[in-house]
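For reference, structure_25.pdb is printed below; it contains PDB, C-alpha atoms.
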```
ATOM      1  CA  MET A   1     -77.339-109.175 -36.078
ATOM      2  CA  THR A   2     -77.219-106.540 -33.433
ATOM      3  CA  THR A   3     -73.787-107.654 -32.458
ATOM      4  CA  MET A   4     -72.516-107.298 -35.996
ATOM      5  CA  LYS A   5     -73.925-103.766 -36.204
ATOM      6  CA  GLN A   6     -72.145-102.954 -33.026
ATOM      7  CA  GLN A   7     -68.899-104.328 -34.416
ATOM      8  CA  HIS A   8     -69.326-102.355 -37.658
ATOM      9  CA  PHE A   9     -70.108 -99.172 -35.679
ATOM     10  CA  PHE A  10     -67.070 -99.680 -33.499
ATOM     11  CA  SER A  11     -64.855-100.250 -36.518
ATOM     12  CA  PHE A  12     -66.300 -97.201 -38.245
ATOM     13  CA  SER A  13     -65.661 -95.171 -35.095
ATOM     14  CA  LEU A  14     -62.075 -96.270 -35.049
ATOM     15  CA  LEU A  15     -61.611 -95.334 -38.660
ATOM     16  CA  LEU A  16     -63.267 -91.973 -38.136
ATOM     17  CA  PHE A  17     -61.065 -91.287 -35.108
ATOM     18  CA  PHE A  18     -57.965 -92.320 -37.009
ATOM     19  CA  PHE A  19     -58.967 -90.149 -39.935
ATOM     20  CA  LEU A  20     -59.652 -87.111 -37.795
ATOM     21  CA  HIS A  21     -56.365 -87.536 -35.922
ATOM     22  CA  SER A  22     -54.396 -87.856 -39.122
ATOM     23  CA  THR A  23     -56.022 -84.751 -40.578
ATOM     24  CA  THR A  24     -55.187 -82.675 -37.497
ATOM     25  CA  THR A  25     -51.575 -83.790 -37.511
ATOM     26  CA  LEU A  26     -51.160 -83.039 -41.201
ATOM     27  CA  ALA A  27     -52.772 -79.626 -40.788
ATOM     28  CA  GLN A  28     -50.103 -78.460 -38.238
ATOM     29  CA  PRO A  29     -47.217 -76.461 -39.774
ATOM     30  CA  VAL A  30     -43.913 -78.109 -39.969
ATOM     31  CA  ALA A  31     -41.570 -76.603 -37.380
ATOM     32  CA  ALA A  32     -38.639 -74.689 -38.861
ATOM     33  CA  PRO A  33     -35.322 -76.299 -38.290
ATOM     34  CA  ALA A  34     -33.508 -74.848 -35.322
ATOM     35  CA  SER A  35     -30.888 -72.283 -36.282
ATOM     36  CA  PRO A  36     -27.368 -73.328 -35.440
ATOM     37  CA  ILE A  37     -25.977 -71.771 -32.299
ATOM     38  CA  VAL A  38     -23.190 -69.350 -33.245
ATOM     39  CA  PRO A  39     -20.744 -68.795 -30.430
ATOM     40  CA  SER A  40     -20.515 -65.141 -29.420
ATOM     41  CA  PRO A  41     -17.157 -63.474 -30.119
ATOM     42  CA  PRO A  42     -14.893 -62.940 -27.117
ATOM     43  CA  ALA A  43     -15.182 -59.606 -25.374
ATOM     44  CA  PRO A  44     -12.503 -57.173 -26.555
ATOM     45  CA  VAL A  45      -9.622 -56.734 -24.171
ATOM     46  CA  PRO A  46      -9.360 -53.103 -23.097
ATOM     47  CA  PRO A  47      -6.058 -51.525 -24.089
ATOM     48  CA  ALA A  48      -3.490 -51.098 -21.394
ATOM     49  CA  LEU A  49      -3.669 -47.709 -19.750
ATOM     50  CA  VAL A  50      -0.688 -45.566 -20.714
ATOM     51  CA  PRO A  51       0.241 -43.156 -17.937
ATOM     52  CA  ALA A  52      -0.276 -39.577 -18.994
ATOM     53  CA  PRO A  53       2.867 -37.441 -19.151
ATOM     54  CA  PRO A  54       3.388 -35.415 -15.995
ATOM     55  CA  ALA A  55       1.898 -31.973 -16.152
ATOM     56  CA  PHE A  56       4.644 -29.403 -15.815
ATOM     57  CA  ALA A  57       3.917 -26.305 -13.809
ATOM     58  CA  PRO A  58       4.070 -23.159 -15.899
ATOM     59  CA  ALA A  59       7.435 -21.445 -15.809
ATOM     60  CA  PRO A  60       7.473 -18.631 -13.294
ATOM     61  CA  ALA A  61       7.227 -15.213 -14.803
ATOM     62  CA  GLY A  62      10.440 -13.229 -14.899
ATOM     63  CA  PRO A  63      11.055 -10.115 -12.841
ATOM     64  CA  THR A  64       8.966  -7.083 -13.603
ATOM     65  CA  ASN A  65      10.325  -4.834 -16.332
ATOM     66  CA  VAL A  66      10.709  -1.463 -14.609
ATOM     67  CA  THR A  67      10.990   0.609 -17.766
ATOM     68  CA  LYS A  68       7.806  -0.908 -19.220
ATOM     69  CA  VAL A  69       5.935  -0.118 -16.014
ATOM     70  CA  LEU A  70       7.114   3.489 -16.190
ATOM     71  CA  GLU A  71       6.312   3.735 -19.900
ATOM     72  CA  LYS A  72       2.782   2.531 -19.215
ATOM     73  CA  ALA A  73       2.402   5.056 -16.409
ATOM     74  CA  SER A  74       3.706   7.829 -18.754
ATOM     75  CA  GLY A  75       5.397  11.054 -17.686
ATOM     76  CA  PHE A  76       8.763   9.474 -16.796
ATOM     77  CA  SER A  77      10.652   9.642 -20.108
ATOM     78  CA  LEU A  78      13.745  11.371 -18.671
ATOM     79  CA  PHE A  79      14.071   8.902 -15.805
ATOM     80  CA  ILE A  80      13.642   5.986 -18.233
ATOM     81  CA  ARG A  81      16.328   7.443 -20.501
ATOM     82  CA  LEU A  82      18.777   7.693 -17.608
ATOM     83  CA  LEU A  83      17.928   4.176 -16.412
ATOM     84  CA  LYS A  84      18.884   2.807 -19.817
ATOM     85  CA  ALA A  85      21.888   5.088 -20.389
ATOM     86  CA  THR A  86      23.476   4.056 -17.080
ATOM     87  CA  SER A  87      22.419   0.362 -17.394
ATOM     88  CA  ALA A  88      20.635   0.723 -14.059
ATOM     89  CA  ASP A  89      17.576  -1.023 -15.524
ATOM     90  CA  ASP A  90      19.619  -4.186 -16.192
ATOM     91  CA  GLN A  91      21.107  -4.108 -12.704
ATOM     92  CA  ILE A  92      17.647  -3.769 -11.172
ATOM     93  CA  THR A  93      16.419  -6.747 -13.207
ATOM     94  CA  HIS A  94      19.349  -8.900 -12.062
ATOM     95  CA  GLN A  95      18.806  -7.951  -8.430
ATOM     96  CA  LEU A  96      15.104  -8.779  -8.618
ATOM     97  CA  ASN A  97      15.946 -12.145 -10.187
ATOM     98  CA  ASP A  98      18.798 -13.080  -7.838
ATOM     99  CA  THR A  99      17.542 -11.956  -4.421
ATOM    100  CA  ASN A 100      14.381 -12.235  -2.374
ATOM    101  CA  ASN A 101      14.710  -8.835  -0.716
ATOM    102  CA  GLY A 102      12.792  -7.007  -3.421
ATOM    103  CA  MET A 103      13.376  -3.387  -4.383
ATOM    104  CA  THR A 104      11.908   0.061  -3.895
ATOM    105  CA  ILE A 105      12.308   2.790  -6.525
ATOM    106  CA  PHE A 106      11.590   6.507  -6.208
ATOM    107  CA  ALA A 107      10.786   7.724  -9.730
ATOM    108  CA  PRO A 108      10.988  11.472 -10.425
ATOM    109  CA  SER A 109       8.531  12.677 -13.038
ATOM    110  CA  ASP A 110       9.502  14.723 -16.069
ATOM    111  CA  ASN A 111       8.235  17.807 -14.232
ATOM    112  CA  ALA A 112      10.659  17.045 -11.402
ATOM    113  CA  PHE A 113      13.587  16.992 -13.837
ATOM    114  CA  SER A 114      12.450  20.218 -15.478
ATOM    115  CA  SER A 115      12.651  21.997 -12.116
ATOM    116  CA  LEU A 116      16.400  21.312 -11.821
ATOM    117  CA  SER A 117      18.791  24.198 -12.320
ATOM    118  CA  SER A 118      20.189  24.500 -15.824
ATOM    119  CA  GLY A 119      23.266  22.358 -16.348
ATOM    120  CA  THR A 120      22.728  20.190 -13.252
ATOM    121  CA  LEU A 121      22.928  16.930 -15.193
ATOM    122  CA  ASN A 122      25.349  18.142 -17.843
ATOM    123  CA  GLY A 123      27.949  18.788 -15.173
ATOM    124  CA  LEU A 124      28.023  15.095 -14.193
ATOM    125  CA  ASN A 125      30.226  12.454 -15.766
ATOM    126  CA  ASP A 126      28.907   8.964 -16.571
ATOM    127  CA  GLN A 127      29.908   7.508 -13.210
ATOM    128  CA  GLN A 128      28.189  10.341 -11.335
ATOM    129  CA  LYS A 129      25.033   9.969 -13.420
ATOM    130  CA  ALA A 130      24.953   6.257 -12.558
ATOM    131  CA  ALA A 131      25.315   7.128  -8.865
ATOM    132  CA  LEU A 132      22.494   9.679  -9.168
ATOM    133  CA  ILE A 133      20.079   7.093 -10.619
ATOM    134  CA  GLN A 134      21.119   4.357  -8.183
ATOM    135  CA  PHE A 135      20.492   6.868  -5.395
ATOM    136  CA  HIS A 136      16.775   6.509  -6.222
ATOM    137  CA  VAL A 137      16.853   2.717  -5.657
ATOM    138  CA  ILE A 138      16.614   0.971  -2.276
ATOM    139  CA  PRO A 139      17.675  -2.721  -2.302
ATOM    140  CA  SER A 140      14.644  -3.919  -0.336
ATOM    141  CA  TYR A 141      10.885  -3.922  -0.771
ATOM    142  CA  ILE A 142       9.170  -1.311   1.423
ATOM    143  CA  PRO A 143       5.365  -1.096   1.339
ATOM    144  CA  ILE A 144       3.908   2.370   1.728
ATOM    145  CA  THR A 145       2.637   1.405   5.192
ATOM    146  CA  GLN A 146       6.135   0.591   6.500
ATOM    147  CA  PHE A 147       7.762   3.977   5.927
ATOM    148  CA  GLN A 148       6.607   5.002   9.400
ATOM    149  CA  THR A 149       8.758   2.307  11.010
ATOM    150  CA  VAL A 150      11.902   2.190   8.842
ATOM    151  CA  SER A 151      15.270   2.977  10.416
ATOM    152  CA  ASN A 152      17.122   5.963   9.012
ATOM    153  CA  PRO A 153      19.296   6.414   7.128
ATOM    154  CA  LEU A 154      18.152   4.095   4.351
ATOM    155  CA  ARG A 155      20.886   2.450   2.322
ATOM    156  CA  THR A 156      20.625   3.009  -1.429
ATOM    157  CA  ASN A 157      22.182   1.276  -4.427
ATOM    158  CA  ALA A 158      24.590   4.180  -4.909
ATOM    159  CA  GLY A 159      28.101   4.061  -3.516
ATOM    160  CA  ASP A 160      29.254   1.100  -1.457
ATOM    161  CA  ASN A 161      27.297  -1.100   0.919
ATOM    162  CA  SER A 162      27.525   1.340   3.802
ATOM    163  CA  ARG A 163      24.329   2.875   5.138
ATOM    164  CA  TYR A 164      26.131   6.169   5.443
ATOM    165  CA  LYS A 165      27.309   6.396   1.847
ATOM    166  CA  TYR A 166      24.640   8.131  -0.257
ATOM    167  CA  PRO A 167      22.010   7.825   2.512
ATOM    168  CA  LEU A 168      18.318   8.759   2.436
ATOM    169  CA  ASN A 169      16.202   9.823   5.392
ATOM    170  CA  VAL A 170      12.464   9.161   5.292
ATOM    171  CA  THR A 171       9.808  10.588   7.596
ATOM    172  CA  SER A 172       6.192   9.455   7.425
ATOM    173  CA  TYR A 173       3.142  10.209   9.532
ATOM    174  CA  SER A 174       0.625   8.345   7.382
ATOM    175  CA  THR A 175       0.400   6.519   4.073
ATOM    176  CA  SER A 176      -0.474   9.837   2.442
ATOM    177  CA  SER A 177       2.484  11.733   3.914
ATOM    178  CA  VAL A 178       5.936  10.360   3.081
ATOM    179  CA  ASN A 179       8.817  12.849   2.909
ATOM    180  CA  ILE A 180      12.358  12.146   1.752
ATOM    181  CA  SER A 181      15.435  14.194   2.653
ATOM    182  CA  THR A 182      18.891  13.926   1.085
ATOM    183  CA  GLY A 183      20.591  16.857   2.774
ATOM    184  CA  ILE A 184      20.175  18.781  -0.507
ATOM    185  CA  THR A 185      16.619  17.952  -1.578
ATOM    186  CA  ASN A 186      13.379  17.593   0.346
ATOM    187  CA  SER A 187      10.920  15.568  -1.709
ATOM    188  CA  SER A 188       7.532  13.917  -1.191
ATOM    189  CA  VAL A 189       5.944  10.721  -2.449
ATOM    190  CA  THR A 190       2.987  11.786  -4.579
ATOM    191  CA  GLY A 191       1.645   8.366  -5.556
ATOM    192  CA  THR A 192       2.198   4.634  -5.988
ATOM    193  CA  ILE A 193       2.986   3.649  -9.568
ATOM    194  CA  TYR A 194       3.373  -0.106  -9.048
ATOM    195  CA  THR A 195       3.591  -2.666  -6.247
ATOM    196  CA  ASP A 196       3.456  -6.475  -6.300
ATOM    197  CA  GLY A 197       4.965  -7.627  -3.025
ATOM    198  CA  GLN A 198       8.493  -7.696  -4.435
ATOM    199  CA  LEU A 199       8.842  -4.398  -6.280
ATOM    200  CA  ALA A 200       7.449  -1.018  -5.303
ATOM    201  CA  ILE A 201       7.717   2.095  -7.498
ATOM    202  CA  TYR A 202       6.687   5.438  -6.017
ATOM    203  CA  GLN A 203       6.446   8.782  -7.779
ATOM    204  CA  VAL A 204       8.340  11.677  -6.178
ATOM    205  CA  ASP A 205       7.951  15.371  -6.957
ATOM    206  CA  LYS A 206      11.683  16.202  -7.002
ATOM    207  CA  VAL A 207      14.885  14.614  -8.231
ATOM    208  CA  LEU A 208      16.790  13.246  -5.241
ATOM    209  CA  LEU A 209      20.187  14.974  -5.277
ATOM    210  CA  PRO A 210      22.740  13.189  -3.071
ATOM    211  CA  TYR A 211      24.886  15.292  -0.769
ATOM    212  CA  ASP A 212      27.947  13.301  -1.844
ATOM    213  CA  LEU A 213      27.598  14.773  -5.359
ATOM    214  CA  PHE A 214      25.974  18.161  -4.827
ATOM    215  CA  GLY A 215      26.940  19.104  -1.271
ATOM    216  CA  VAL A 216      29.406  21.898  -0.469
ATOM    217  CA  LYS A 217      32.890  20.481  -0.621
ATOM    218  CA  PRO A 218      35.268  21.474   2.229
ATOM    219  CA  PRO A 219      38.156  23.710   1.147
ATOM    220  CA  ALA A 220      41.340  21.939   0.282
ATOM    221  CA  PRO A 221      43.948  22.129   3.069
ATOM    222  CA  ALA A 222      46.738  24.666   2.558
ATOM    223  CA  PRO A 223      50.038  23.118   1.495
ATOM    224  CA  SER A 224      52.558  22.764   4.322
ATOM    225  CA  PRO A 225      55.665  25.017   4.040
ATOM    226  CA  SER A 226      58.576  23.242   2.466
ATOM    227  CA  LYS A 227      61.758  22.914   4.525
ATOM    228  CA  PRO A 228      64.934  24.452   3.029
ATOM    229  CA  ASN A 229      67.421  22.061   1.635
ATOM    230  CA  LYS A 230      70.763  22.160   3.437
ATOM    231  CA  LYS A 231      73.804  22.456   1.216
ATOM    232  CA  SER A 232      75.965  19.436   1.603
ATOM    233  CA  LYS A 233      78.928  21.054  -0.137
ATOM    234  CA  ALA A 234      79.817  24.601  -0.835
ATOM    235  CA  GLY A 235      79.207  25.567  -4.421
ATOM    236  CA  ASP A 236      76.883  22.596  -5.178
ATOM    237  CA  SER A 237      73.911  24.843  -5.713
ATOM    238  CA  ASP A 238      73.670  27.415  -8.460
ATOM    239  CA  ASP A 239      70.820  29.192  -6.677
ATOM    240  CA  ASP A 240      71.868  32.670  -5.590
ATOM    241  CA  SER A 241      69.029  32.994  -3.068
ATOM    242  CA  THR A 242      70.072  32.475   0.545
ATOM    243  CA  THR A 243      68.096  31.745   3.663
ATOM    244  CA  PRO A 244      68.765  33.343   7.050
ATOM    245  CA  ASP A 245      70.618  30.216   8.117
ATOM    246  CA  ASP A 246      72.754  30.429   5.014
ATOM    247  CA  ALA A 247      73.436  34.091   5.766
ATOM    248  CA  LYS A 248      74.617  33.202   9.265
ATOM    249  CA  VAL A 249      76.936  30.583   7.841
ATOM    250  CA  ASP A 250      78.322  33.041   5.309
ATOM    251  CA  THR A 251      78.854  35.740   7.990
ATOM    252  CA  SER A 252      80.691  33.348  10.276
ATOM    253  CA  ALA A 253      82.932  32.305   7.422
ATOM    254  CA  ALA A 254      83.681  35.941   6.603
ATOM    255  CA  VAL A 255      84.605  36.720  10.240
ATOM    256  CA  SER A 256      86.868  33.713  10.361
ATOM    257  CA  THR A 257      88.566  34.810   7.156
ATOM    258  CA  VAL A 258      89.135  38.372   8.462
ATOM    259  CA  SER A 259      90.585  37.097  11.741
ATOM    260  CA  ALA A 260      93.027  34.846   9.927
ATOM    261  CA  MET A 261      94.166  37.671   7.683
ATOM    262  CA  ALA A 262      94.640  39.977  10.683
ATOM    263  CA  LYS A 263      96.755  37.421  12.466
ATOM    264  CA  LYS A 264      98.807  36.937   9.329
ATOM    265  CA  ASN A 265      99.386  40.685   8.998
ATOM    266  CA  VAL A 266     100.500  40.922  12.652
ATOM    267  CA  VAL A 267     102.982  38.108  12.137
ATOM    268  CA  VAL A 268     104.301  39.773   8.961
ATOM    269  CA  ALA A 269     104.679  43.084  10.815
ATOM    270  CA  ILE A 270     106.594  41.486  13.682
ATOM    271  CA  VAL A 271     108.906  39.696  11.282
ATOM    272  CA  ALA A 272     109.557  42.915   9.369
ATOM    273  CA  THR A 273     110.282  44.852  12.565
ATOM    274  CA  ALA A 274     112.662  42.164  13.782
ATOM    275  CA  SER A 275     114.469  42.201  10.459
ATOM    276  CA  ALA A 276     114.907  45.991  10.576
ATOM    277  CA  ILE A 277     116.332  45.903  14.124
ATOM    278  CA  PHE A 278     118.691  43.098  13.177
ATOM    279  CA  CYS A 279     120.013  45.107  10.203
ATOM    280  CA  LEU A 280     120.832  48.106  12.468
TER
END
```

Take the structure in this file and express it as structure tokens.
Amino acid sequence: MTTMKQQHFFSFSLLLFFFLHSTTTLAQPVAAPASPIVPSPPAPVPPALVPAPPAFAPAPAGPTNVTKVLEKASGFSLFIRLLKATSADDQITHQLNDTNNGMTIFAPSDNAFSSLSSGTLNGLNDQQKAALIQFHVIPSYIPITQFQTVSNPLRTNAGDNSRYKYPLNVTSYSTSSVNISTGITNSSVTGTIYTDGQLAIYQVDKVLLPYDLFGVKPPAPAPSPSKPNKKSKAGDSDDDSTTPDDAKVDTSAAVSTVSAMAKKNVVVAIVATASAIFCL
């Protein structure tokens, strides 16, 4: 009897265990189906690097415009007018563009021009006016500190390429004392208008008058006496004036004529005398 109870208890235990296990399993949530694995897209290929266009250096600035510098400084209207009238401004621009020597310009102010004697410029023709303006231009760059060491005379743009044609003489004892002599004018540098290492423009208190244009001209040589023309044939000249040599010639001819006539008369007299004696 006891054995049967034990068997029933064991069977009941198995059923209870099975029941509890089944309940626990059914109570668990059903796992969600696994999501399909989507392959990741390929990484984008970076675009090929295009070389950037070469960077061009900015075009070098052209030569300095002299007339604009003087206009900005003001007080140089007459000098600017002559620069343009004689085309000296264009020549200066070409020289600055074509050479590395630079340039130095002495610019007279309007007050300097007003101190000239009346009619000084009006008495010049166009070529002389061009020479006057070019006389204020030196074809090399001279800083204010180098005037103490320059070799005189300085060659200017006027005339030919000789140092002694339209020359300037400069004396300087300091940067504040620069004097210019032309043989006619003694002028001084009163200030620096512009300088950039290639072009220097200095203000001067007088117009630089070149000796070649305004100096005293030597008197013209007296004409040499003309030699008398010798007469090749008698009677070729209708001129009644005679020279001393001609007078000598005429006198000799007259003497010869008289002598011949005298001889002829003597012969005639002898013949006549002989004839008279023969008739007796």

Item checked: Output of the PyMOL selection byres ((chain A and resi 175-186) around 12), listed as an NGL selection string -> :A and (106 or 112 or 115-116 or 132 or 135-136 or 143-150 or 152-156 or 164-174 or 187-192 or 202-216)

Checklist line | Two-atom distance - CA of Ile133 (chain A), CA of Leu82 (chain A) (Å) | finding: 7.1 Å

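The interatomic distance for the pair CA of Ala88 (chain A) and CA of Ile105 (chain A) works out to 11.4 Å.
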
Check: Any idea what the distance is between CA of Asp196 (chain A) and CA of Asn101 (chain A)?
Finding: 12.8 Å

Check: Of the candidates A:Ala158, A:Leu83, A:Leu96, A:Ala130, which one gets nearest to Ala200 (chain A) if we count all atoms listed in the file?
Finding: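 Smallest distance to Ala200 (chain A) is found for A:Leu96.
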
Margin query: Between A:Asn125, A:Pro63, A:Thr104, A:Leu199, which residue has the minimum interatomic distance to Asn157 (chain A), considering all atoms listed in the file?
Written below: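 Distance minimum relative to Asn157 (chain A) lands on A:Thr104.
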
Next item on the list: Go through A:Thr86, A:Thr67, A:Arg81, A:Ile92 and flag the residue nearest Asp126 (chain A), using all atoms listed in the file for the distances.
Entry: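 Between A:Thr86, A:Thr67, A:Arg81, A:Ile92, the residue approaching Asp126 (chain A) most closely is A:Thr86.
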